Amino acid sequence: MSPSSLAPRPVPSPPTSRHVAVIGAGAAGLAAARELRREGHRVVVFERSAAVGGTWIYTPATESDALGLDPLREVVHSSLYDSLRTNLPRECMGFLDYPFSSRRARAGGDHRRFPGHREVLCYLQDFAREFNLDGLVRFRTEVALVERDNDGRWQVNSRRSGVAGGDGSDENEFFDGVVVCNGHYTEPRIAEIPGMDAWPGKQMHSHNYRVPEPFLDQVVVIVGNSYSTVDISRDIARFAKEVHVSDRSRTDEPRRKQPGYDNMWLHSSIASTHKDGAVVFRDGCSIHVDVIIHCTGYKYHFPFLKTKNIVIVNDNRVGPLYKHIFPPFLAPSLAFIGIPWKVVPFTMFELQSKWVAGVLSGRIALPTKDEMLEDVKSWDLEVEAVGWPKRYTHNLSNIQCMRCLLQADALWETVSVVVSSLGNCFLVIAFRLV
Ligand SMILES: Cc1cc2nc3c(=O)[nH]c(=O)nc-3n(C[C@H](O)[C@H](O)[C@H](O)COP(=O)(O)OP(=O)(O)OC[C@H]3O[C@@H](n4cnc5c(N)ncnc54)[C@H](O)[C@@H]3O)c2cc1C
């Protein structure tokens, strides 16, 4: 990241109101809608479900393909399981000027530091109501195509369904800008395990895990080592006969009993699977297994976005994206909110949205295209230098001081949001704001 990209830039022409499409009414889309409107833009939010909240709308429904690989399956957006509580303390779950903690406590709600998912959904609904955002949202309206025309405007093709007045026909509209907020926890990534084609047991992805009861008396292998692995293994251990967690970051260490559990073990990665139902780990253990659950994360997926390969997803790197938001060749009229992970999401959405709104109005200037590309290149090199694979490009943990340093022209106020305890990471997000 070159220091020159952080230099103040002259404020360009007077602010302009743009016609902006926001795709998605989850936390990111709501934050974007509010900031865009505050900046004076005319906003339409497209939301394919019937309510605001995105991921936080829990549903017991699961997909017909438990691994989530069938492209023709009916997609269930949310990946929440019933027992989920936030992995951030409630003090970090709110937007900066609309705190999460105090509101719920005042309402006589749950005072635990890590609240359940229902409380997060209530918070987002309250937020939308408080700032009159519902009126900006077209519910049950799925965006099928986003494409730039020769005049630089964005064509948004959408389809409304399932409501009176919604005839299911397509609608084409044109916008000055598009802000993509479609989330990235819906399209499963699957672990490649030798011998899986012949292995007779059941496989699923954590996207389709909801409750532990169906695993009563079963022998379950959970592949992964992140938050969902920890939560789901503990959830299931209450019912299953045995739970075996396979963590590929353990190399050839022998298996280890999980403290506090008499039916849970931690293993290295899976070496092979066999048609008699056996799963063999690299630590040498061989176990007859009923179910393998892949807690192996998700893919960025923008099926509606056509950019003539200007923006591509390559091994979960979305790029090129300046500061994980602006594609240099299409900025500022196309922007992405919420791409980074291992972050403090709601705060980040809000700050990213303020920046996007200011840039779209012309109040804040971006660096030149070449400077932005140079910045993206240096970020990618930094990811490589710390030994991370490409798919960690948008993982903002652990890179000393997290550099989501937002460009700004006006006050050069630096806000530091210091967040302790996010897993084992200590994060400092430094944002330069207007
Ligand atoms: C299991 C799990 C646990 C998590 N735990 C935490 C936590 O503890 N704390 C935390 O801060 N974050 C957590 N997160 C991250 C969470 O995803 C973010 O907090 C945040 O909710 C993401 O918001 P979003 O708006 O980017 O995406 P989403 O909430 O996914 O919203 C995207 C919206 O876009 C809509 N959409 C998608 N495609 C289209 C289309 N083509 N047309 C129209 N609409 C479309 C969807 O219907 C959805 O409403 C967790 C995520 C998961 C999966």
# chains A, B, ... in the order shown; residues from 1 in each chain; ligands from 1
call {"tool": "residues_near_ligand", "arguments": {"ligand": "ligand 1", "cutoff": "6 Å", "atoms": "only C-alpha atoms and all ligand atoms", "output": "ChimeraX atom specification"}}
result
/A:23-29,46-49,53-55,79-80,86-88,93,141-144,181-183,185,338,344-345
call {"tool": "write_last_selection", "arguments": {"atoms": "C-alpha atoms", "output": "mmCIF file, in the first residue's frame"}}
result
data_model
loop_
_atom_site.group_PDB
_atom_site.id
_atom_site.type_symbol
_atom_site.label_atom_id
_atom_site.label_comp_id
_atom_site.auth_asym_id
_atom_site.auth_seq_id
_atom_site.Cartn_x
_atom_site.Cartn_y
_atom_site.Cartn_z
ATOM 1 C CA ILE A 23 -28.634 -5.183 -4.165
ATOM 2 C CA GLY A 24 -29.643 -6.840 -0.906
ATOM 3 C CA ALA A 25 -31.341 -5.641 2.293
ATOM 4 C CA GLY A 26 -29.140 -7.394 4.815
ATOM 5 C CA ALA A 27 -27.032 -5.400 7.265
ATOM 6 C CA ALA A 28 -24.762 -4.157 4.463
ATOM 7 C CA GLY A 29 -27.613 -3.111 2.167
ATOM 8 C CA PHE A 46 -33.643 -4.788 -4.373
ATOM 9 C CA GLU A 47 -34.297 -7.662 -1.972
ATOM 10 C CA ARG A 48 -35.314 -11.106 -3.114
ATOM 11 C CA SER A 49 -36.776 -12.159 0.233
ATOM 12 C CA GLY A 53 -32.129 -8.858 7.719
ATOM 13 C CA GLY A 54 -30.450 -11.166 5.170
ATOM 14 C CA THR A 55 -28.374 -13.821 6.910
ATOM 15 C CA SER A 79 -26.744 -20.303 6.994
ATOM 16 C CA LEU A 80 -27.758 -19.782 10.609
ATOM 17 C CA THR A 86 -22.801 -13.968 17.895
ATOM 18 C CA ASN A 87 -19.053 -14.411 17.928
ATOM 19 C CA LEU A 88 -18.615 -10.724 18.670
ATOM 20 C CA MET A 93 -22.587 -5.662 16.897
ATOM 21 C CA THR A 141 -37.536 -8.728 -6.093
ATOM 22 C CA GLU A 142 -34.549 -10.658 -7.308
ATOM 23 C CA VAL A 143 -31.887 -9.007 -9.412
ATOM 24 C CA ALA A 144 -31.089 -11.244 -12.366
ATOM 25 C CA CYS A 181 -24.554 -6.049 -0.923
ATOM 26 C CA ASN A 182 -25.659 -9.610 -1.654
ATOM 27 C CA GLY A 183 -23.725 -11.315 1.169
ATOM 28 C CA TYR A 185 -22.300 -16.882 3.199
ATOM 29 C CA GLY A 338 -19.080 -6.219 2.954
ATOM 30 C CA VAL A 344 -16.342 -6.172 12.719
ATOM 31 C CA PRO A 345 -19.014 -6.370 10.044
#
call {"tool": "residues_around", "arguments": {"residues": "Asn157 in chain A", "least_positions_apart": "4", "cutoff": "8 Å", "atoms": "only C-alpha atoms", "output": "number ranges by chain"}}
result
A: 143-146, 170-173
call {"tool": "closest_residue", "arguments": {"among": "A:Ser83, A:Thr273, A:Asn225, A:Thr16", "to": "Val211 in chain A", "atoms": "only C-alpha atoms"}}
result
A:Ser83
call {"tool": "residues_around", "arguments": {"residues": "His294 in chain A", "least_positions_apart": "4", "cutoff": "9 Å", "atoms": "only C-alpha atoms", "output": "VMD selection string"}}
result
chain A and resid 67 188 to 191 203 to 207 221 to 224 229
call {"tool": "atom_distance", "arguments": {"atom1": "CA of Gly277 in chain A", "atom2": "CA of Val289 in chain A"}}
result
6.0 Å
call {"tool": "select_by_dssp", "arguments": {"residues": "range 142-281 of chain A", "states": "alpha helix (DSSP H)", "output": "ChimeraX atom specification"}}
result
/A:227-237
call {"tool": "atom_distance", "arguments": {"atom1": "CA of Met196 in chain A", "atom2": "CA of Thr251 in chain A"}}
result
20.7 Å
call {"tool": "closest_residue", "arguments": {"among": "A:Gly152, A:Pro332, A:Pro89, A:Pro389", "to": "Leu360 in chain A", "atoms": "only C-alpha atoms"}}
result
A:Pro332
call {"tool": "closest_residue", "arguments": {"among": "A:Val120, A:Val279, A:Ala357, A:Ile339", "to": "Arg90 in chain A", "atoms": "only C-alpha atoms"}}
result
A:Val120
call {"tool": "closest_residue", "arguments": {"among": "A:Lys323, A:Arg363, A:His274, A:Arg138", "to": "Ala198 in chain A", "atoms": "only C-alpha atoms"}}
result
A:His274
call {"tool": "residues_around", "arguments": {"residues": "Gly358 in chain A", "least_positions_apart": "3", "cutoff": "9 Å", "atoms": "only C-alpha atoms", "output": "PyMOL selection string"}}
result
chain A and resi 15+35-36+39+353-355+361-365+408+434
call {"tool": "atom_distance", "arguments": {"atom1": "CA of Pro328 in chain A", "atom2": "CA of Glu371 in chain A"}}
result
8.9 Å
call {"tool": "closest_residue", "arguments": {"among": "A:Lys306, A:Phe131, A:Asp262, A:Gly177", "to": "Phe326 in chain A", "atoms": "only C-alpha atoms"}}
result
A:Gly177
call {"tool": "residues_around", "arguments": {"residues": "Thr307 in chain A", "least_positions_apart": "5", "cutoff": "9 Å", "atoms": "only C-alpha atoms", "output": "PDB file with C-alpha atoms, in the first residue's frame"}}
result
ATOM      1  CA  VAL A 146     -26.485  -6.043 -13.714  1.00  0.00           C
ATOM      2  CA  GLU A 147     -24.598  -4.784 -16.746  1.00  0.00           C
ATOM      3  CA  ARG A 148     -23.097  -1.477 -17.855  1.00  0.00           C
ATOM      4  CA  ILE A 312     -13.676 -11.704 -11.492  1.00  0.00           C
ATOM      5  CA  LEU A 330     -15.578   0.687 -13.039  1.00  0.00           C
TER       6      LEU A 330
END
call {"tool": "closest_residue", "arguments": {"among": "A:Leu133, A:Leu72, A:Cys92, A:Val178", "to": "Ala21 in chain A", "atoms": "only C-alpha atoms"}}
result
A:Val178
